[in-house]
Amino acid sequence: MTKRLALVTFGCQMNVHDSQRIEELMLAAGYEIIADVEGADVVILNTCSVREKAEQKLRSEAGRLKKADVILVVAGCVAQQEGERLIKSMPYIDIVVGPDNLAELPALVRDAELGATPAVRTVFDVEDPRFLTNQVREGGVGASAYVTVMKGCNERCSFCIVPHTRGPERYRSARDIVHEVRALVDGGAREVVLLGQTVNSFMDPETPAEIDRDPDESQFPALLRRIAEEAPALDRLRYTSPHPRHLTASLVRAHADLAVLADHVHMPVQSGSDRMLKRMIRRYTREEYVSRVDALRTARPSLTMSTDIIVGFPGETAADFELTLSLVREVGFSALYGFKYSPRPFTPALRLEDDVSNEEKQTRLLALFEVSDALTRANLASMVGTRVEVLIEGPSRPGASTRVGRTRRNEIVHLPGTVGLDAGAVVVAEVARANKHSVEGRLESIKLPASAKVMQTHRRVALPVVQA
Ligand code: 5AD
């Protein structure tokens, strides 16, 4: 009988990407993928350890499955961080597999089914890096697809566990990346999101660096140009997450020149206080961040920016936090992810006293959200009455007749009464109303129809598109 597999994914886009690749590997090995852990023969928890809360989620989810008669796999960053220790503390776990060993999963699961003792595979592929790629097949490609360009991180941000869980930076060749992008576009994808822990530090292992150039200057802008040139049918290109240190003049020029680049950049800033940025080992000042973002916006006036902020980092005073609030207002981010500082194992900041109380962190986080929510609302309100281009991603909710998609500036648009509109279509809509985190629009015309090859999360309905 076909074995059933359920995957639970925590954390960042890289984990979502990794889970998609795990699904493809396990499908190819003959497993059926189901949505619910109930009734599964194999459960894979793809974990995150960037904050303590994320790590706790794994422990409670794994604990829930303790009594179930399943092969239990812990994959991803907690697996890499804890390794053997996970099996010691939770002996009902069958397999612990780090981010660089995911390709071994079908064999490891097969061994576990045959009664093997618990296995731990957490070896970085530093010498000969392997990258999991989209297995492009009919009906298996979404409107938007993730493509890894690099993995690991050479930064040493003092709060961050990622260099420990994902290892040192390793890059794919530009040739392989372009090849994958082209295959996705041929398979019907309209948008590609390039992924990497510091995606814009990319260096092409096959292209020698020019002799007279700054050795720290990345080849990411050249990669963007090459994708634009060699995958001309691609409608939108995005990337995440960049580091402000590599927001160089040539990356700014790429945004001026390449129409395929979407009108949105997520650029984590973490704090608006130079004192905190230094303690965080971010390697830029507030002024440098602001002037680089200004350059980007001059190159692309329609650009929206989003960011990540940590509040309550060790030593953060009320005055430091005020500087963060003023930076958020000054840049005018259209969206923001805010986090309370969470001490993580193996990070340099552990040597600093976590001296901002949890209560104070919570107060600052709420104050931050008040500022950022107002900015988000103002941006969405300014869209009412305008025309936007929307890439349809699927129904707003399972079974809903409303379709949802994103603008080039990354705003979410709901289009009521568009049941016949398929994922992958690019449409023009007039914005009728602003909600808290999205807008509602009226469909005006279809710019690009969806490819018949694209995966539809809803059943395809052979009806003409009904306007709201
Ligand atoms: N505590 C709180 N937030 C953190 N992040 C990373 N490490 C920590 C930590 N120890 C946040 C940063 C990063 C985002 C992915 O998670 O803002 O950009």
# chains A, B, ... in the order shown; residues from 1 in each chain; ligands from 1
>>> residues_near_ligand(ligand="ligand 1", cutoff="9 Å", atoms="only C-alpha atoms and all ligand atoms", output="number ranges by chain")
A: 11-12, 49-52, 157-162, 241, 267-270, 307-313, 337-345, 347, 349
>>> write_last_selection(atoms="C-alpha atoms", output="PDB file, in the first residue's frame")
ATOM      1  CA  GLY A  11      10.150  29.342   9.457  1.00  0.00           C
ATOM      2  CA  CYS A  12      11.479  31.186   6.441  1.00  0.00           C
ATOM      3  CA  SER A  49      15.483  27.852  15.278  1.00  0.00           C
ATOM      4  CA  VAL A  50      15.892  31.568  14.595  1.00  0.00           C
ATOM      5  CA  ARG A  51      14.008  32.444  17.777  1.00  0.00           C
ATOM      6  CA  GLU A  52      13.344  30.330  20.827  1.00  0.00           C
ATOM      7  CA  CYS A 157      25.394  39.191  13.129  1.00  0.00           C
ATOM      8  CA  SER A 158      25.706  38.729  16.860  1.00  0.00           C
ATOM      9  CA  PHE A 159      22.065  37.710  17.429  1.00  0.00           C
ATOM     10  CA  CYS A 160      21.815  35.147  14.664  1.00  0.00           C
ATOM     11  CA  ILE A 161      22.047  31.362  14.776  1.00  0.00           C
ATOM     12  CA  VAL A 162      21.836  30.897  10.993  1.00  0.00           C
ATOM     13  CA  SER A 241      16.781  38.114   1.848  1.00  0.00           C
ATOM     14  CA  MET A 267      15.857  44.827   3.192  1.00  0.00           C
ATOM     15  CA  PRO A 268      16.301  43.844   6.866  1.00  0.00           C
ATOM     16  CA  VAL A 269      17.628  46.800   8.883  1.00  0.00           C
ATOM     17  CA  GLN A 270      17.220  45.414  12.470  1.00  0.00           C
ATOM     18  CA  THR A 307      12.118  45.234   6.618  1.00  0.00           C
ATOM     19  CA  ASP A 308      12.893  43.201   9.751  1.00  0.00           C
ATOM     20  CA  ILE A 309      13.397  44.837  13.141  1.00  0.00           C
ATOM     21  CA  ILE A 310      14.603  43.387  16.438  1.00  0.00           C
ATOM     22  CA  VAL A 311      13.484  45.182  19.607  1.00  0.00           C
ATOM     23  CA  GLY A 312      15.076  44.783  23.030  1.00  0.00           C
ATOM     24  CA  PHE A 313      18.539  43.748  21.857  1.00  0.00           C
ATOM     25  CA  TYR A 337       8.324  42.145  10.558  1.00  0.00           C
ATOM     26  CA  GLY A 338       9.144  42.936  14.175  1.00  0.00           C
ATOM     27  CA  PHE A 339      10.677  40.537  16.709  1.00  0.00           C
ATOM     28  CA  LYS A 340      11.581  40.587  20.373  1.00  0.00           C
ATOM     29  CA  TYR A 341      15.243  39.735  20.829  1.00  0.00           C
ATOM     30  CA  SER A 342      15.590  36.074  21.752  1.00  0.00           C
ATOM     31  CA  PRO A 343      18.982  34.787  22.974  1.00  0.00           C
ATOM     32  CA  ARG A 344      20.115  31.876  20.812  1.00  0.00           C
ATOM     33  CA  PRO A 345      22.739  29.213  21.434  1.00  0.00           C
ATOM     34  CA  THR A 347      25.634  33.279  18.964  1.00  0.00           C
ATOM     35  CA  ALA A 349      25.347  38.083  21.629  1.00  0.00           C
TER      36      ALA A 349
END
>>> closest_atom_pairs(of="region 22-108 of chain A", to="region 2-6 of chain A", cutoff="12 Å", atoms="only C-alpha atoms", output="Markdown table")
| residue | atom | partner | partner_atom | distance |
| --- | --- | --- | --- | --- |
| A:Ile22 | CA | A:Leu5 | CA | 10.5 |
| A:Glu23 | CA | A:Leu5 | CA | 8.7 |
| A:Glu24 | CA | A:Leu5 | CA | 11.6 |
| A:Leu25 | CA | A:Leu5 | CA | 11.5 |
| A:Met26 | CA | A:Leu5 | CA | 8.1 |
| A:Leu27 | CA | A:Leu5 | CA | 9.1 |
| A:Ala29 | CA | A:Lys3 | CA | 10.1 |
| A:Gly30 | CA | A:Thr2 | CA | 7.0 |
| A:Tyr31 | CA | A:Lys3 | CA | 5.3 |
| A:Glu32 | CA | A:Arg4 | CA | 4.8 |
| A:Ile33 | CA | A:Leu5 | CA | 4.9 |
| A:Ile34 | CA | A:Ala6 | CA | 5.3 |
| A:Ala35 | CA | A:Ala6 | CA | 5.9 |
| A:Asp36 | CA | A:Ala6 | CA | 6.1 |
| A:Val37 | CA | A:Ala6 | CA | 5.3 |
| A:Glu38 | CA | A:Ala6 | CA | 8.5 |
| A:Gly39 | CA | A:Arg4 | CA | 7.5 |
| A:Ala40 | CA | A:Arg4 | CA | 5.0 |
| A:Asp41 | CA | A:Arg4 | CA | 5.2 |
| A:Val42 | CA | A:Leu5 | CA | 4.7 |
| A:Val43 | CA | A:Ala6 | CA | 4.9 |
| A:Ile44 | CA | A:Ala6 | CA | 6.3 |
| A:Leu45 | CA | A:Ala6 | CA | 8.6 |
| A:Asn46 | CA | A:Ala6 | CA | 10.7 |
| A:Val70 | CA | A:Leu5 | CA | 9.6 |
| A:Ile71 | CA | A:Leu5 | CA | 9.4 |
| A:Leu72 | CA | A:Ala6 | CA | 10.1 |
| A:Val73 | CA | A:Ala6 | CA | 10.3 |
| A:Pro106 | CA | A:Leu5 | CA | 11.4 |
>>> closest_residue(among="A:Arg225, A:Arg282, A:Arg166, A:Arg409", to="Arg300 (chain A)", atoms="only C-alpha atoms")
A:Arg409
>>> atom_distance(atom1="CA of Arg408 (chain A)", atom2="CA of Asp18 (chain A)")
24.9 Å
>>> closest_residue(among="A:Arg364, A:Leu336, A:Pro314, A:Arg130", to="Leu350 (chain A)", atoms="only C-alpha atoms")
A:Pro314
>>> closest_residue(among="A:Asp235, A:Glu330, A:Asp354, A:Asp257", to="Val390 (chain A)", atoms="only C-alpha atoms")
A:Asp235
>>> select_by_dssp(residues="region 123-315 of chain A", states="helix (DSSP H, G or I)", output="CSV table (one decimal) with C-alpha atoms, in the first residue's frame")
chain,number,residue,atom,x,y,z
A,162,VAL,CA,21.8,30.9,11.0
A,163,PRO,CA,25.6,30.7,10.3
A,164,HIS,CA,25.6,27.8,12.8
A,165,THR,CA,22.5,26.0,11.4
A,166,ARG,CA,23.1,26.6,7.7
A,174,ALA,CA,24.9,31.2,-12.6
A,175,ARG,CA,24.5,28.7,-15.4
A,176,ASP,CA,22.6,26.2,-13.2
A,177,ILE,CA,20.4,29.0,-11.8
A,178,VAL,CA,19.5,30.3,-15.2
A,179,HIS,CA,18.8,26.8,-16.4
A,180,GLU,CA,16.4,26.3,-13.5
A,181,VAL,CA,14.7,29.6,-14.1
A,182,ARG,CA,14.2,28.9,-17.8
A,183,ALA,CA,12.7,25.4,-17.0
A,184,LEU,CA,10.3,27.0,-14.5
A,185,VAL,CA,9.2,29.7,-17.0
A,186,ASP,CA,8.7,27.0,-19.7
A,199,VAL,CA,21.1,36.4,-1.4
A,200,ASN,CA,22.9,39.5,-2.8
A,201,SER,CA,26.4,38.3,-1.7
A,220,PHE,CA,24.5,39.3,-7.8
A,221,PRO,CA,23.7,42.2,-10.1
A,222,ALA,CA,25.3,40.3,-13.0
A,223,LEU,CA,23.2,37.3,-12.1
A,224,LEU,CA,20.0,39.4,-12.3
A,225,ARG,CA,21.1,40.8,-15.7
A,226,ARG,CA,21.8,37.3,-17.0
A,227,ILE,CA,18.4,36.0,-15.9
A,228,ALA,CA,16.6,39.0,-17.5
A,229,GLU,CA,18.4,38.3,-20.7
A,230,GLU,CA,18.2,34.5,-20.8
A,244,PRO,CA,22.2,46.0,3.2
A,245,ARG,CA,26.0,45.6,3.0
A,246,HIS,CA,25.7,44.3,-0.5
A,249,ALA,CA,25.7,50.9,-6.8
A,250,SER,CA,25.6,48.1,-9.4
A,251,LEU,CA,22.6,46.5,-7.7
A,252,VAL,CA,20.9,49.9,-7.8
A,253,ARG,CA,21.7,50.1,-11.5
A,254,ALA,CA,20.1,46.7,-12.0
A,255,HIS,CA,16.9,48.0,-10.5
A,256,ALA,CA,17.0,51.0,-12.9
A,257,ASP,CA,17.7,48.9,-16.0
A,274,ASP,CA,24.2,53.0,15.2
A,275,ARG,CA,25.1,51.9,18.7
A,276,MET,CA,22.8,48.8,18.4
A,277,LEU,CA,23.8,48.2,14.7
A,278,LYS,CA,27.4,48.0,15.9
A,279,ARG,CA,26.6,45.6,18.8
A,286,ARG,CA,21.9,54.1,9.8
A,287,GLU,CA,23.1,56.8,7.4
A,288,GLU,CA,24.6,54.2,5.0
A,289,TYR,CA,21.3,52.2,5.0
A,290,VAL,CA,19.2,55.3,4.4
A,291,SER,CA,21.4,56.6,1.6
A,292,ARG,CA,21.5,53.2,-0.2
A,293,VAL,CA,17.7,52.9,0.0
A,294,ASP,CA,17.4,56.5,-1.3
A,295,ALA,CA,19.6,55.5,-4.3
A,296,LEU,CA,17.4,52.5,-4.9
A,297,ARG,CA,14.2,54.6,-4.8
A,298,THR,CA,15.8,57.1,-7.1
A,299,ALA,CA,16.5,54.3,-9.6
>>> residues_around(residues="region 77-79 of chain A", least_positions_apart="4", cutoff="6 Å", atoms="only C-alpha atoms", output="PDB file with N, CA, C and O atoms, in the first residue's frame")
ATOM      1  N   THR A  47      12.041  22.313  10.498  1.00  0.00           N
ATOM      2  CA  THR A  47      12.049  23.205  11.655  1.00  0.00           C
ATOM      3  C   THR A  47      12.853  24.486  11.467  1.00  0.00           C
ATOM      4  O   THR A  47      13.697  24.595  10.587  1.00  0.00           O
ATOM      5  N   CYS A  48      12.599  25.430  12.385  1.00  0.00           N
ATOM      6  CA  CYS A  48      13.259  26.731  12.413  1.00  0.00           C
ATOM      7  C   CYS A  48      13.802  26.943  13.818  1.00  0.00           C
ATOM      8  O   CYS A  48      13.159  26.563  14.789  1.00  0.00           O
ATOM      9  N   SER A  49      14.969  27.594  13.931  1.00  0.00           N
ATOM     10  CA  SER A  49      15.483  27.852  15.278  1.00  0.00           C
ATOM     11  C   SER A  49      15.925  29.298  15.437  1.00  0.00           C
ATOM     12  O   SER A  49      16.714  29.621  16.308  1.00  0.00           O
ATOM     13  N   GLY A  83      21.087  17.962  16.574  1.00  0.00           N
ATOM     14  CA  GLY A  83      21.610  16.653  16.174  1.00  0.00           C
ATOM     15  C   GLY A  83      21.184  15.541  17.121  1.00  0.00           C
ATOM     16  O   GLY A  83      20.011  15.401  17.481  1.00  0.00           O
ATOM     17  N   VAL A  96      16.887  12.455  12.256  1.00  0.00           N
ATOM     18  CA  VAL A  96      17.228  13.868  12.397  1.00  0.00           C
ATOM     19  C   VAL A  96      18.080  14.212  11.182  1.00  0.00           C
ATOM     20  O   VAL A  96      19.116  13.586  10.947  1.00  0.00           O
ATOM     21  N   VAL A  97      17.626  15.194  10.384  1.00  0.00           N
ATOM     22  CA  VAL A  97      18.321  15.452   9.125  1.00  0.00           C
ATOM     23  C   VAL A  97      18.475  16.961   8.899  1.00  0.00           C
ATOM     24  O   VAL A  97      17.510  17.706   8.938  1.00  0.00           O
ATOM     25  N   GLY A  98      19.715  17.387   8.742  1.00  0.00           N
ATOM     26  CA  GLY A  98      20.005  18.820   8.571  1.00  0.00           C
ATOM     27  C   GLY A  98      19.713  19.295   7.155  1.00  0.00           C
ATOM     28  O   GLY A  98      19.482  18.490   6.246  1.00  0.00           O
ATOM     29  N   THR A 165      23.457  27.043  11.875  1.00  0.00           N
ATOM     30  CA  THR A 165      22.549  25.995  11.381  1.00  0.00           C
ATOM     31  C   THR A 165      22.638  25.782   9.874  1.00  0.00           C
ATOM     32  O   THR A 165      22.275  24.715   9.380  1.00  0.00           O
TER      33      THR A 165
END
>>> closest_residue(among="A:Ala432, A:Leu375, A:Val454, A:Ile281", to="Arg156 (chain A)", atoms="only C-alpha atoms")
A:Ile281
>>> closest_residue(among="A:Ala262, A:Ala319, A:Leu325, A:Ala68", to="Glu411 (chain A)", atoms="only C-alpha atoms")
A:Ala262
>>> residues_around(residues="Ile392 (chain A)", least_positions_apart="2", cutoff="12 Å", atoms="only C-alpha atoms", output="PyMOL selection string")
chain A and resi 142-144+189-191+389-390+394-396+402-408+412-415+418-429+443+446-451+454-457
